[in-house]
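Chemist: Supplied in structure tokens, the structure appears directly below.
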Amino acid sequence: MILVDSSVWIDYFRGRATAECNLLDKLLGSEPLLTGDLILAEVLQGFRSEIDFRRALDSLATLEFLPLAGRQITIAAARNYRTLRSVGITVRKTIDGLIATFCIANRHTLLHSDRDYDGFERYLGLRVIRNSRPAR
């Protein structure tokens with residue numbers, strides 16, 4: 001399953017032409033995509049108009065939805081943060097640590113455009129998707 005990070009959704013809803021948005025366009029309707037509570041909150045809070053908020057909510061409601069954090073993921077995310085700090089990487093956003101840890105724990109692939117995930121990929125086995133194929 002592919003989890004699409006808020007970094008991609010925000011660019012997508014803003015109409016930005018990024019490699020990740022282009023890939024998301026290809027995946028929509030052809031691959032099962034996943035979203036979750038933390039991503040939904042990050043994406044939806046940025047809409048100024050009620051109409052845009054509702055359109056985005058309706059679009060995201062077509063995806064599979066799972067809660068991303070809980071006790072086990074939260075503790076594992078703290079451990080992952082500490083591991084990355086020990087190799088000189090500071091994750092800037094706690095939510096990104098929770099999302100990465102959820103993907104690692106559940107063997108989901110992440111589509112993102114946020115450098116906070118690079119350390120999780122390099123040191124902790126986070127699978128990411130690029131050029132239509134998940135990294136192995």
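Order determines the names: the first chain of the structure tokens is A, the second B, and so forth; residues in each chain are numbered 1 upward, and ligands are numbered 1 upward as they are shown.
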Pick out each residue of stretch 72-121 of chain A that DSSP on the backbone tags as helix (DSSP H, G or I); I need them as a ChimeraX atom specification.
Modeler: /A:72-86,94-106,115-121
Chemist: When you count only C-alpha atoms, which of these residues is closest to A:Phe53: A:Arg122, A:Phe13, A:Ala19, A:Arg130?
Modeler: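 The answer is A:Phe13, which sits nearest to A:Phe53.
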Chemist: Residues within 7 Å of A:Phe102, please, as a PyMOL selection string. Count only C-alpha atoms; anything in the same chain fewer than 3 positions from it doesn't count.
Modeler: chain A and resi 68+73+98-99+105-106
Chemist: So what do you get for atom CA of A:Glu42 versus atom CA of A:Ser113, distance-wise?
Modeler: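 Separation between atom CA of A:Glu42 and atom CA of A:Ser113: 14.3 Å.
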Chemist: Give me the stretch 49-106 of chain A side of the contact with stretch 24-30 of chain A, cut-off 12 Å, one line per residue showing its nearest atom pair and distance in Å at one decimal, counting only C-alpha atoms, sorted by chain and residue number, as CSV.
Modeler:
residue,atom,partner,partner_atom,distance
A:Ser59,CA,A:Leu28,CA,10.5
A:Leu60,CA,A:Leu28,CA,10.9
A:Thr62,CA,A:Gly29,CA,9.9
A:Leu63,CA,A:Leu28,CA,9.3
Chemist: What would the file look like if the residues just selected were written as a PDB file, in the first residue's frame with N, CA and C atoms?
Modeler:
ATOM      1  N   SER A  59     -12.300  14.465  -2.031  1.00  0.00           N
ATOM      2  CA  SER A  59     -11.270  13.740  -2.790  1.00  0.00           C
ATOM      3  C   SER A  59     -10.524  12.753  -1.902  1.00  0.00           C
ATOM      4  N   LEU A  60     -10.131  13.202  -0.727  1.00  0.00           N
ATOM      5  CA  LEU A  60      -9.367  12.343   0.185  1.00  0.00           C
ATOM      6  C   LEU A  60     -10.233  11.225   0.772  1.00  0.00           C
ATOM      7  N   THR A  62     -12.043   9.271  -0.764  1.00  0.00           N
ATOM      8  CA  THR A  62     -12.065   8.112  -1.663  1.00  0.00           C
ATOM      9  C   THR A  62     -10.914   7.149  -1.385  1.00  0.00           C
ATOM     10  N   LEU A  63      -9.950   7.567  -0.563  1.00  0.00           N
ATOM     11  CA  LEU A  63      -8.787   6.738  -0.256  1.00  0.00           C
ATOM     12  C   LEU A  63      -9.038   5.896   0.984  1.00  0.00           C
TER      13      LEU A  63
END
Chemist: Which residues are near A:Ala61? Cut-off 12 Å, only C-alpha atoms, ignore same chain within fewer than 6 positions. Put them as a list in words.
Modeler: Leu33, Leu34, Thr35, Gly36, Asp37, Leu40, Leu44, Arg54 and Arg55 of chain A
Chemist: Based on the selection just made, write all heavy atoms of those residues as a PDB file, in the first residue's frame.
Modeler:
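This is the output file again-v3.pdb:
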ATOM      1  N   LEU A  33      -4.309   3.686  -2.686  1.00  0.00           N
ATOM      2  CA  LEU A  33      -3.602   4.713  -1.923  1.00  0.00           C
ATOM      3  C   LEU A  33      -4.216   4.833  -0.538  1.00  0.00           C
ATOM      4  O   LEU A  33      -5.405   4.606  -0.350  1.00  0.00           O
ATOM      5  CB  LEU A  33      -3.662   6.061  -2.640  1.00  0.00           C
ATOM      6  CG  LEU A  33      -3.045   6.105  -4.035  1.00  0.00           C
ATOM      7  CD1 LEU A  33      -3.217   7.489  -4.656  1.00  0.00           C
ATOM      8  CD2 LEU A  33      -1.576   5.718  -3.999  1.00  0.00           C
ATOM      9  N   LEU A  34      -3.376   5.243   0.385  1.00  0.00           N
ATOM     10  CA  LEU A  34      -3.749   5.302   1.790  1.00  0.00           C
ATOM     11  C   LEU A  34      -3.537   6.709   2.314  1.00  0.00           C
ATOM     12  O   LEU A  34      -2.605   7.400   1.905  1.00  0.00           O
ATOM     13  CB  LEU A  34      -2.858   4.313   2.564  1.00  0.00           C
ATOM     14  CG  LEU A  34      -2.945   4.250   4.074  1.00  0.00           C
ATOM     15  CD1 LEU A  34      -4.323   3.769   4.522  1.00  0.00           C
ATOM     16  CD2 LEU A  34      -1.853   3.312   4.597  1.00  0.00           C
ATOM     17  N   THR A  35      -4.413   7.126   3.213  1.00  0.00           N
ATOM     18  CA  THR A  35      -4.210   8.352   3.967  1.00  0.00           C
ATOM     19  C   THR A  35      -4.517   8.056   5.425  1.00  0.00           C
ATOM     20  O   THR A  35      -4.969   6.966   5.754  1.00  0.00           O
ATOM     21  CB  THR A  35      -5.034   9.533   3.419  1.00  0.00           C
ATOM     22  OG1 THR A  35      -4.544  10.746   3.996  1.00  0.00           O
ATOM     23  CG2 THR A  35      -6.509   9.380   3.726  1.00  0.00           C
ATOM     24  N   GLY A  36      -4.243   9.031   6.270  1.00  0.00           N
ATOM     25  CA  GLY A  36      -4.474   8.821   7.696  1.00  0.00           C
ATOM     26  C   GLY A  36      -4.772  10.120   8.404  1.00  0.00           C
ATOM     27  O   GLY A  36      -4.730  11.203   7.812  1.00  0.00           O
ATOM     28  N   ASP A  37      -5.062   9.985   9.682  1.00  0.00           N
ATOM     29  CA  ASP A  37      -5.501  11.121  10.484  1.00  0.00           C
ATOM     30  C   ASP A  37      -4.519  12.286  10.477  1.00  0.00           C
ATOM     31  O   ASP A  37      -4.907  13.435  10.274  1.00  0.00           O
ATOM     32  CB  ASP A  37      -5.799  10.681  11.919  1.00  0.00           C
ATOM     33  CG  ASP A  37      -4.716   9.812  12.545  1.00  0.00           C
ATOM     34  OD1 ASP A  37      -3.658   9.593  11.931  1.00  0.00           O
ATOM     35  OD2 ASP A  37      -4.944   9.339  13.670  1.00  0.00           O
ATOM     36  N   LEU A  40      -4.430  13.901   6.980  1.00  0.00           N
ATOM     37  CA  LEU A  40      -5.694  14.587   6.734  1.00  0.00           C
ATOM     38  C   LEU A  40      -5.726  15.933   7.458  1.00  0.00           C
ATOM     39  O   LEU A  40      -6.098  16.957   6.871  1.00  0.00           O
ATOM     40  CB  LEU A  40      -6.854  13.692   7.191  1.00  0.00           C
ATOM     41  CG  LEU A  40      -8.229  13.995   6.671  1.00  0.00           C
ATOM     42  CD1 LEU A  40      -8.288  13.931   5.158  1.00  0.00           C
ATOM     43  CD2 LEU A  40      -9.230  13.003   7.262  1.00  0.00           C
ATOM     44  N   LEU A  44      -5.919  19.450   5.340  1.00  0.00           N
ATOM     45  CA  LEU A  44      -7.169  20.201   5.407  1.00  0.00           C
ATOM     46  C   LEU A  44      -7.049  21.528   6.140  1.00  0.00           C
ATOM     47  O   LEU A  44      -7.769  22.480   5.827  1.00  0.00           O
ATOM     48  CB  LEU A  44      -8.265  19.346   6.050  1.00  0.00           C
ATOM     49  CG  LEU A  44      -8.684  18.122   5.239  1.00  0.00           C
ATOM     50  CD1 LEU A  44      -9.710  17.302   6.015  1.00  0.00           C
ATOM     51  CD2 LEU A  44      -9.232  18.526   3.874  1.00  0.00           C
ATOM     52  N   ARG A  54     -14.024  21.461   1.405  1.00  0.00           N
ATOM     53  CA  ARG A  54     -14.949  20.350   1.128  1.00  0.00           C
ATOM     54  C   ARG A  54     -14.538  19.532  -0.090  1.00  0.00           C
ATOM     55  O   ARG A  54     -14.665  18.308  -0.087  1.00  0.00           O
ATOM     56  CB  ARG A  54     -16.368  20.863   0.972  1.00  0.00           C
ATOM     57  CG  ARG A  54     -16.969  21.311   2.274  1.00  0.00           C
ATOM     58  CD  ARG A  54     -18.344  21.885   2.081  1.00  0.00           C
ATOM     59  NE  ARG A  54     -18.800  22.478   3.306  1.00  0.00           N
ATOM     60  CZ  ARG A  54     -19.982  22.233   3.839  1.00  0.00           C
ATOM     61  NH1 ARG A  54     -20.822  21.421   3.240  1.00  0.00           N
ATOM     62  NH2 ARG A  54     -20.334  22.819   4.958  1.00  0.00           N
ATOM     63  N   ARG A  55     -14.042  20.199  -1.118  1.00  0.00           N
ATOM     64  CA  ARG A  55     -13.575  19.475  -2.312  1.00  0.00           C
ATOM     65  C   ARG A  55     -12.409  18.551  -1.968  1.00  0.00           C
ATOM     66  O   ARG A  55     -12.360  17.404  -2.404  1.00  0.00           O
ATOM     67  CB  ARG A  55     -13.166  20.446  -3.408  1.00  0.00           C
ATOM     68  CG  ARG A  55     -14.329  21.076  -4.117  1.00  0.00           C
ATOM     69  CD  ARG A  55     -13.859  21.974  -5.228  1.00  0.00           C
ATOM     70  NE  ARG A  55     -14.990  22.658  -5.816  1.00  0.00           N
ATOM     71  CZ  ARG A  55     -14.958  23.877  -6.332  1.00  0.00           C
ATOM     72  NH1 ARG A  55     -13.806  24.538  -6.368  1.00  0.00           N
ATOM     73  NH2 ARG A  55     -16.024  24.430  -6.832  1.00  0.00           N
TER      74      ARG A  55
END
Chemist: Select, from A:Ile39, A:Ser86, A:Gln45, A:Val91, the residue with the minimum atom-to-atom distance to A:Ala69, counting only C-alpha atoms.
Modeler: A:Ile39
Chemist: With only C-alpha atoms as the basis for distance, which of A:Ala56, A:Leu38, A:Thr18, A:Glu50 is at the shortest distance from A:Gly97?
Modeler: A:Leu38
Chemist: Please compute the atom CA of A:Ile89-atom CA of A:Ala41 distance, one decimal, in Å.
Modeler: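 Result for atom CA of A:Ile89 versus atom CA of A:Ala41: 25.8 Å, one decimal.
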Chemist: What's the 12 Å shell around A:Gly125, counting only C-alpha atoms, without same-chain residues fewer than 6 positions away, as a VMD selection string?
Modeler: chain A and resid 80 100 to 110 117 to 119 135 to 136
Chemist: Taking the chain letters and numbering used in this document, name the residues of chain A that DSSP puts in strand (DSSP E or B), as a ChimeraX atom specification.
Modeler: /A:2-4,33-36,64-66,109-111,127-130,133-134
Chemist: Out of A:Ile10, A:Arg16, A:Ser49, A:Leu124, which residue has the shortest atom-to-atom distance to A:Ala76 when counting only C-alpha atoms?
Modeler: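 Between A:Ile10, A:Arg16, A:Ser49, A:Leu124, the residue approaching A:Ala76 most closely is A:Leu124.
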Chemist: Could you tell me how far atom CA of A:Val43 sits from atom CA of A:Leu57, in Å to one decimal place?
Modeler: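 Straight-line distance from atom CA of A:Leu57 to atom CA of A:Val43 works out to 9.2 Å.
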Chemist: From the set A:Met1, A:Tyr123, A:Phe47, A:Arg115, which residue has the shortest atom-to-atom contact distance to A:Tyr81, counting only C-alpha atoms?
Modeler: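 Nearest to A:Tyr81: A:Tyr123.
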Chemist: Check the smallest atom-to-atom distance from each of A:Cys21, A:Arg85, A:Asp58, A:Asp114 to A:Ser7 using only C-alpha atoms, then report the winner.
Modeler: A:Asp114
